Amino acid sequence: MFPDDLSYTSDHEWVRDPGGADSTVRIGITDYAQGALGDIVYVSLPEVGTDVEAGAACGELESTKSVSDLFSPIKGTVVARNDALDERPELVNSDPYGDGWMIEVRPADRSELDGLLDADAYQAQVEQS
């Protein structure tokens, strides 16, 4: 249900880390999260160059049900944002692990990635909630 090549947070964000000392990570919300939110109608993302803190809100997702914060899984600097979501926020619903990605961050400390959940641990958390 949850891709094995990603890491996850307890706040339902995913992180794709291609590896490498200088690589950036891509961040989005999980399929579970988008399903719970319902139809996404608006996405607010931080601008490139914004510093984000681990566990802190860095954006918002507005759905037909509610408004929810996007939390940064790690500390770092935003190096890219998915501008396609400005015009097509529904991509978060239709392809949360692909075209519905949110931001790319250059980690301040790559060791923070080690504290994220793997797919099995995230699945267990979802099943308990």
# chains A, B, ... in the order shown; residues from 1 in each chain; ligands from 1
call {"tool": "residues_around", "arguments": {"residues": "Glu87 of chain A", "least_positions_apart": "6", "cutoff": "10 Å", "atoms": "only C-alpha atoms", "output": "list in words"}}
result
Val41, Tyr42 and Val43 of chain A
call {"tool": "residues_around", "arguments": {"residues": "Ala57 of chain A", "least_positions_apart": "5", "cutoff": "10 Å", "atoms": "only C-alpha atoms", "output": "list of chain:residue names"}}
result
A:Pro46, A:Val52, A:Ser68, A:Asp69, A:Leu70, A:Phe71, A:Ser72, A:Pro73
call {"tool": "residues_around", "arguments": {"residues": "Ser94 of chain A", "least_positions_apart": "5", "cutoff": "10 Å", "atoms": "only C-alpha atoms", "output": "PyMOL selection string"}}
result
chain A and resi 31+34+39-40+89+99-100
call {"tool": "closest_residue", "arguments": {"among": "A:Gln123, A:Gln128, A:Ser23, A:Thr50", "to": "Tyr8 of chain A", "atoms": "only C-alpha atoms"}}
result
A:Gln123
call {"tool": "atom_distance", "arguments": {"atom1": "atom CA of Gly55 of chain A", "atom2": "atom CA of Glu90 of chain A"}}
result
24.7 Å
call {"tool": "residues_around", "arguments": {"residues": "Val48 of chain A", "least_positions_apart": "2", "cutoff": "10 Å", "atoms": "only C-alpha atoms", "output": "number ranges by chain"}}
result
A: 45-46, 50-51, 77-81, 103-105
call {"tool": "write_last_selection", "arguments": {"atoms": "N, CA, C and O atoms", "output": "tab-separated table (two decimals), in the first residue's frame"}}
result
chain	number	residue	atom	x	y	z
A	45	LEU	N	2.26	26.43	-0.75
A	45	LEU	CA	3.60	25.89	-0.51
A	45	LEU	C	4.59	27.01	-0.24
A	45	LEU	O	4.42	28.13	-0.73
A	46	PRO	N	5.68	26.71	0.49
A	46	PRO	CA	6.70	27.73	0.72
A	46	PRO	C	7.45	28.06	-0.56
A	46	PRO	O	7.54	27.23	-1.47
A	50	THR	N	13.11	29.32	1.14
A	50	THR	CA	12.57	29.33	2.50
A	50	THR	C	13.25	28.26	3.34
A	50	THR	O	13.42	27.12	2.90
A	51	ASP	N	13.63	28.61	4.56
A	51	ASP	CA	14.16	27.63	5.50
A	51	ASP	C	13.00	26.99	6.23
A	51	ASP	O	12.08	27.69	6.69
A	77	THR	N	16.44	23.76	3.48
A	77	THR	CA	16.06	24.89	2.64
A	77	THR	C	15.30	24.38	1.42
A	77	THR	O	15.74	23.43	0.76
A	78	VAL	N	14.17	25.01	1.15
A	78	VAL	CA	13.36	24.64	-0.02
A	78	VAL	C	14.13	25.04	-1.29
A	78	VAL	O	14.53	26.19	-1.44
A	79	VAL	N	14.34	24.06	-2.17
A	79	VAL	CA	15.05	24.33	-3.42
A	79	VAL	C	14.14	24.21	-4.63
A	79	VAL	O	14.50	24.63	-5.73
A	80	ALA	N	12.95	23.63	-4.43
A	80	ALA	CA	11.96	23.54	-5.52
A	80	ALA	C	10.59	23.36	-4.89
A	80	ALA	O	10.45	22.84	-3.78
A	81	ARG	N	9.58	23.84	-5.61
A	81	ARG	CA	8.18	23.64	-5.21
A	81	ARG	C	7.42	23.19	-6.45
A	81	ARG	O	7.80	23.54	-7.59
A	103	ILE	N	7.27	19.69	-2.26
A	103	ILE	CA	8.50	20.50	-2.25
A	103	ILE	C	9.73	19.61	-2.29
A	103	ILE	O	9.66	18.42	-1.98
A	104	GLU	N	10.85	20.22	-2.69
A	104	GLU	CA	12.16	19.59	-2.57
A	104	GLU	C	12.98	20.43	-1.60
A	104	GLU	O	12.96	21.66	-1.67
A	105	VAL	N	13.67	19.73	-0.70
A	105	VAL	CA	14.42	20.39	0.35
A	105	VAL	C	15.87	19.89	0.35
A	105	VAL	O	16.12	18.69	0.20
call {"tool": "residues_around", "arguments": {"residues": "segment 119-121 of chain A", "least_positions_apart": "2", "cutoff": "12 Å", "atoms": "only C-alpha atoms", "output": "JSON list (two decimals) with N, CA, C and O atoms, in the first residue's frame"}}
result
[["chain", "number", "residue", "atom", "x", "y", "z"],
["A", 1, "MET", "N", 0.82, -1.20, 0.00],
["A", 1, "MET", "CA", 0.00, 0.00, 0.00],
["A", 1, "MET", "C", 0.86, 1.26, 0.00],
["A", 1, "MET", "O", 0.53, 2.24, -0.62],
["A", 2, "PHE", "N", 1.99, 1.23, 0.72],
["A", 2, "PHE", "CA", 2.88, 2.39, 0.78],
["A", 2, "PHE", "C", 4.22, 2.01, 0.13],
["A", 2, "PHE", "O", 4.81, 0.99, 0.49],
["A", 3, "PRO", "N", 4.70, 2.82, -0.81],
["A", 3, "PRO", "CA", 5.94, 2.48, -1.53],
["A", 3, "PRO", "C", 7.12, 2.26, -0.58],
["A", 3, "PRO", "O", 7.34, 3.04, 0.35],
["A", 4, "ASP", "N", 7.87, 1.18, -0.84],
["A", 4, "ASP", "CA", 9.01, 0.82, 0.00],
["A", 4, "ASP", "C", 10.21, 1.75, -0.17],
["A", 4, "ASP", "O", 11.09, 1.78, 0.69],
["A", 5, "ASP", "N", 10.26, 2.49, -1.28],
["A", 5, "ASP", "CA", 11.43, 3.34, -1.54],
["A", 5, "ASP", "C", 11.31, 4.71, -0.86],
["A", 5, "ASP", "O", 12.17, 5.57, -1.05],
["A", 6, "LEU", "N", 10.25, 4.91, -0.08],
["A", 6, "LEU", "CA", 10.04, 6.19, 0.59],
["A", 6, "LEU", "C", 10.19, 6.03, 2.10],
["A", 6, "LEU", "O", 10.06, 4.94, 2.64],
["A", 7, "SER", "N", 10.42, 7.15, 2.77],
["A", 7, "SER", "CA", 10.37, 7.22, 4.23],
["A", 7, "SER", "C", 9.13, 8.04, 4.58],
["A", 7, "SER", "O", 8.63, 8.82, 3.77],
["A", 8, "TYR", "N", 8.66, 7.89, 5.83],
["A", 8, "TYR", "CA", 7.39, 8.49, 6.22],
["A", 8, "TYR", "C", 7.49, 9.16, 7.59],
["A", 8, "TYR", "O", 8.37, 8.86, 8.38],
["A", 9, "THR", "N", 6.53, 10.05, 7.84],
["A", 9, "THR", "CA", 6.43, 10.68, 9.16],
["A", 9, "THR", "C", 5.11, 10.27, 9.80],
["A", 9, "THR", "O", 4.18, 9.84, 9.10],
["A", 10, "SER", "N", 5.02, 10.47, 11.08],
["A", 10, "SER", "CA", 3.76, 10.17, 11.77],
["A", 10, "SER", "C", 2.67, 11.18, 11.40],
["A", 10, "SER", "O", 1.49, 10.95, 11.66],
["A", 12, "HIS", "N", 2.02, 11.90, 8.31],
["A", 12, "HIS", "CA", 1.54, 11.43, 7.00],
["A", 12, "HIS", "C", 2.21, 12.14, 5.81],
["A", 12, "HIS", "O", 1.61, 12.26, 4.74],
["A", 13, "GLU", "N", 3.45, 12.58, 6.00],
["A", 13, "GLU", "CA", 4.25, 13.04, 4.87],
["A", 13, "GLU", "C", 5.17, 11.91, 4.43],
["A", 13, "GLU", "O", 5.53, 11.06, 5.23],
["A", 14, "TRP", "N", 5.56, 11.93, 3.16],
["A", 14, "TRP", "CA", 6.56, 11.00, 2.68],
["A", 14, "TRP", "C", 7.79, 11.78, 2.21],
["A", 14, "TRP", "O", 7.71, 12.97, 1.89],
["A", 15, "VAL", "N", 8.92, 11.08, 2.19],
["A", 15, "VAL", "CA", 10.19, 11.66, 1.77],
["A", 15, "VAL", "C", 10.86, 10.69, 0.80],
["A", 15, "VAL", "O", 11.03, 9.51, 1.12],
["A", 16, "ARG", "N", 11.22, 11.19, -0.37],
["A", 16, "ARG", "CA", 11.99, 10.40, -1.34],
["A", 16, "ARG", "C", 13.42, 10.93, -1.33],
["A", 16, "ARG", "O", 13.66, 12.08, -1.67],
["A", 30, "THR", "N", 0.99, 11.38, 2.00],
["A", 30, "THR", "CA", 0.71, 9.99, 1.64],
["A", 30, "THR", "C", -0.68, 9.82, 1.04],
["A", 30, "THR", "O", -1.55, 10.69, 1.18],
["A", 115, "GLY", "N", 15.76, 9.08, 11.18],
["A", 115, "GLY", "CA", 14.70, 8.99, 12.19],
["A", 115, "GLY", "C", 13.31, 8.83, 11.61],
["A", 115, "GLY", "O", 12.33, 8.73, 12.37],
["A", 116, "LEU", "N", 13.18, 8.79, 10.29],
["A", 116, "LEU", "CA", 11.87, 8.64, 9.66],
["A", 116, "LEU", "C", 11.44, 7.18, 9.64],
["A", 116, "LEU", "O", 12.26, 6.27, 9.79],
["A", 117, "LEU", "N", 10.16, 6.95, 9.44],
["A", 117, "LEU", "CA", 9.60, 5.60, 9.42],
["A", 117, "LEU", "C", 9.80, 4.93, 8.06],
["A", 117, "LEU", "O", 9.75, 5.60, 7.02],
["A", 123, "GLN", "N", 2.87, 1.78, 7.86],
["A", 123, "GLN", "CA", 1.64, 0.98, 7.68],
["A", 123, "GLN", "C", 1.09, 0.55, 9.04],
["A", 123, "GLN", "O", -0.12, 0.64, 9.27],
["A", 124, "ALA", "N", 1.97, 0.11, 9.94],
["A", 124, "ALA", "CA", 1.53, -0.31, 11.28],
["A", 124, "ALA", "C", 0.89, 0.87, 12.02],
["A", 124, "ALA", "O", -0.13, 0.70, 12.70],
["A", 125, "GLN", "N", 1.46, 2.05, 11.87],
["A", 125, "GLN", "CA", 0.89, 3.23, 12.53],
["A", 125, "GLN", "C", -0.50, 3.54, 11.99],
["A", 125, "GLN", "O", -1.42, 3.83, 12.75],
["A", 126, "VAL", "N", -0.64, 3.49, 10.68],
["A", 126, "VAL", "CA", -1.94, 3.78, 10.05],
["A", 126, "VAL", "C", -2.99, 2.77, 10.50],
["A", 126, "VAL", "O", -4.13, 3.12, 10.78],
["A", 127, "GLU", "N", -2.61, 1.50, 10.59],
["A", 127, "GLU", "CA", -3.54, 0.47, 11.00],
["A", 127, "GLU", "C", -3.99, 0.63, 12.45],
["A", 127, "GLU", "O", -5.08, 0.20, 12.81],
["A", 128, "GLN", "N", -3.16, 1.24, 13.28],
["A", 128, "GLN", "CA", -3.50, 1.45, 14.69],
["A", 128, "GLN", "C", -4.41, 2.65, 14.89],
["A", 128, "GLN", "O", -5.04, 2.78, 15.93]]
call {"tool": "closest_residue", "arguments": {"among": "A:Asp86, A:Pro18, A:Ile74, A:Leu37", "to": "Leu113 of chain A", "atoms": "only C-alpha atoms"}}
result
A:Ile74
call {"tool": "closest_residue", "arguments": {"among": "A:Asp95, A:Gly19, A:Val67, A:Ala108", "to": "Ala54 of chain A", "atoms": "only C-alpha atoms"}}
result
A:Ala108
call {"tool": "closest_residue", "arguments": {"among": "A:Tyr32, A:Asn93, A:Met102, A:Asp22", "to": "Cys58 of chain A", "atoms": "only C-alpha atoms"}}
result
A:Met102
call {"tool": "select_by_dssp", "arguments": {"residues": "segment 1-127 of chain A", "states": "helix (DSSP H, G or I)", "output": "ChimeraX atom specification"}}
result
/A:31-37,84-87,91-94,110-115,119-127
call {"tool": "write_last_selection", "arguments": {"atoms": "C-alpha atoms", "output": "PDB file, in the first residue's frame"}}
result
ATOM      1  CA  ASP A  31      -2.175   8.330  -0.114  1.00  0.00           C
ATOM      2  CA  TYR A  32      -3.697   7.756   3.324  1.00  0.00           C
ATOM      3  CA  ALA A  33      -3.538  11.494   4.062  1.00  0.00           C
ATOM      4  CA  GLN A  34      -5.057  12.595   0.763  1.00  0.00           C
ATOM      5  CA  GLY A  35      -7.854  10.060   1.209  1.00  0.00           C
ATOM      6  CA  ALA A  36      -8.619  11.386   4.682  1.00  0.00           C
ATOM      7  CA  LEU A  37      -8.619  14.981   3.441  1.00  0.00           C
ATOM      8  CA  ALA A  84       1.777  22.598 -11.102  1.00  0.00           C
ATOM      9  CA  LEU A  85      -0.282  22.342  -7.901  1.00  0.00           C
ATOM     10  CA  ASP A  86      -1.159  26.043  -8.190  1.00  0.00           C
ATOM     11  CA  GLU A  87      -3.365  25.232 -11.184  1.00  0.00           C
ATOM     12  CA  LEU A  91      -2.813  16.025  -8.542  1.00  0.00           C
ATOM     13  CA  VAL A  92      -2.324  15.454  -4.811  1.00  0.00           C
ATOM     14  CA  ASN A  93      -5.359  13.159  -4.898  1.00  0.00           C
ATOM     15  CA  SER A  94      -4.730  11.449  -8.221  1.00  0.00           C
ATOM     16  CA  ARG A 110      21.066  14.318   6.482  1.00  0.00           C
ATOM     17  CA  SER A 111      21.120  12.229   9.670  1.00  0.00           C
ATOM     18  CA  GLU A 112      17.566  13.481  10.370  1.00  0.00           C
ATOM     19  CA  LEU A 113      16.423  11.188   7.567  1.00  0.00           C
ATOM     20  CA  ASP A 114      17.444   8.181   9.674  1.00  0.00           C
ATOM     21  CA  GLY A 115      14.705   8.995  12.187  1.00  0.00           C
ATOM     22  CA  ALA A 119       6.937   1.653   4.874  1.00  0.00           C
ATOM     23  CA  ASP A 120       6.215  -1.211   7.303  1.00  0.00           C
ATOM     24  CA  ALA A 121       6.393   1.031  10.386  1.00  0.00           C
ATOM     25  CA  TYR A 122       4.168   3.636   8.721  1.00  0.00           C
ATOM     26  CA  GLN A 123       1.643   0.978   7.681  1.00  0.00           C
ATOM     27  CA  ALA A 124       1.530  -0.307  11.277  1.00  0.00           C
ATOM     28  CA  GLN A 125       0.892   3.231  12.534  1.00  0.00           C
ATOM     29  CA  VAL A 126      -1.937   3.777  10.055  1.00  0.00           C
ATOM     30  CA  GLU A 127      -3.544   0.466  11.002  1.00  0.00           C
TER      31      GLU A 127
END
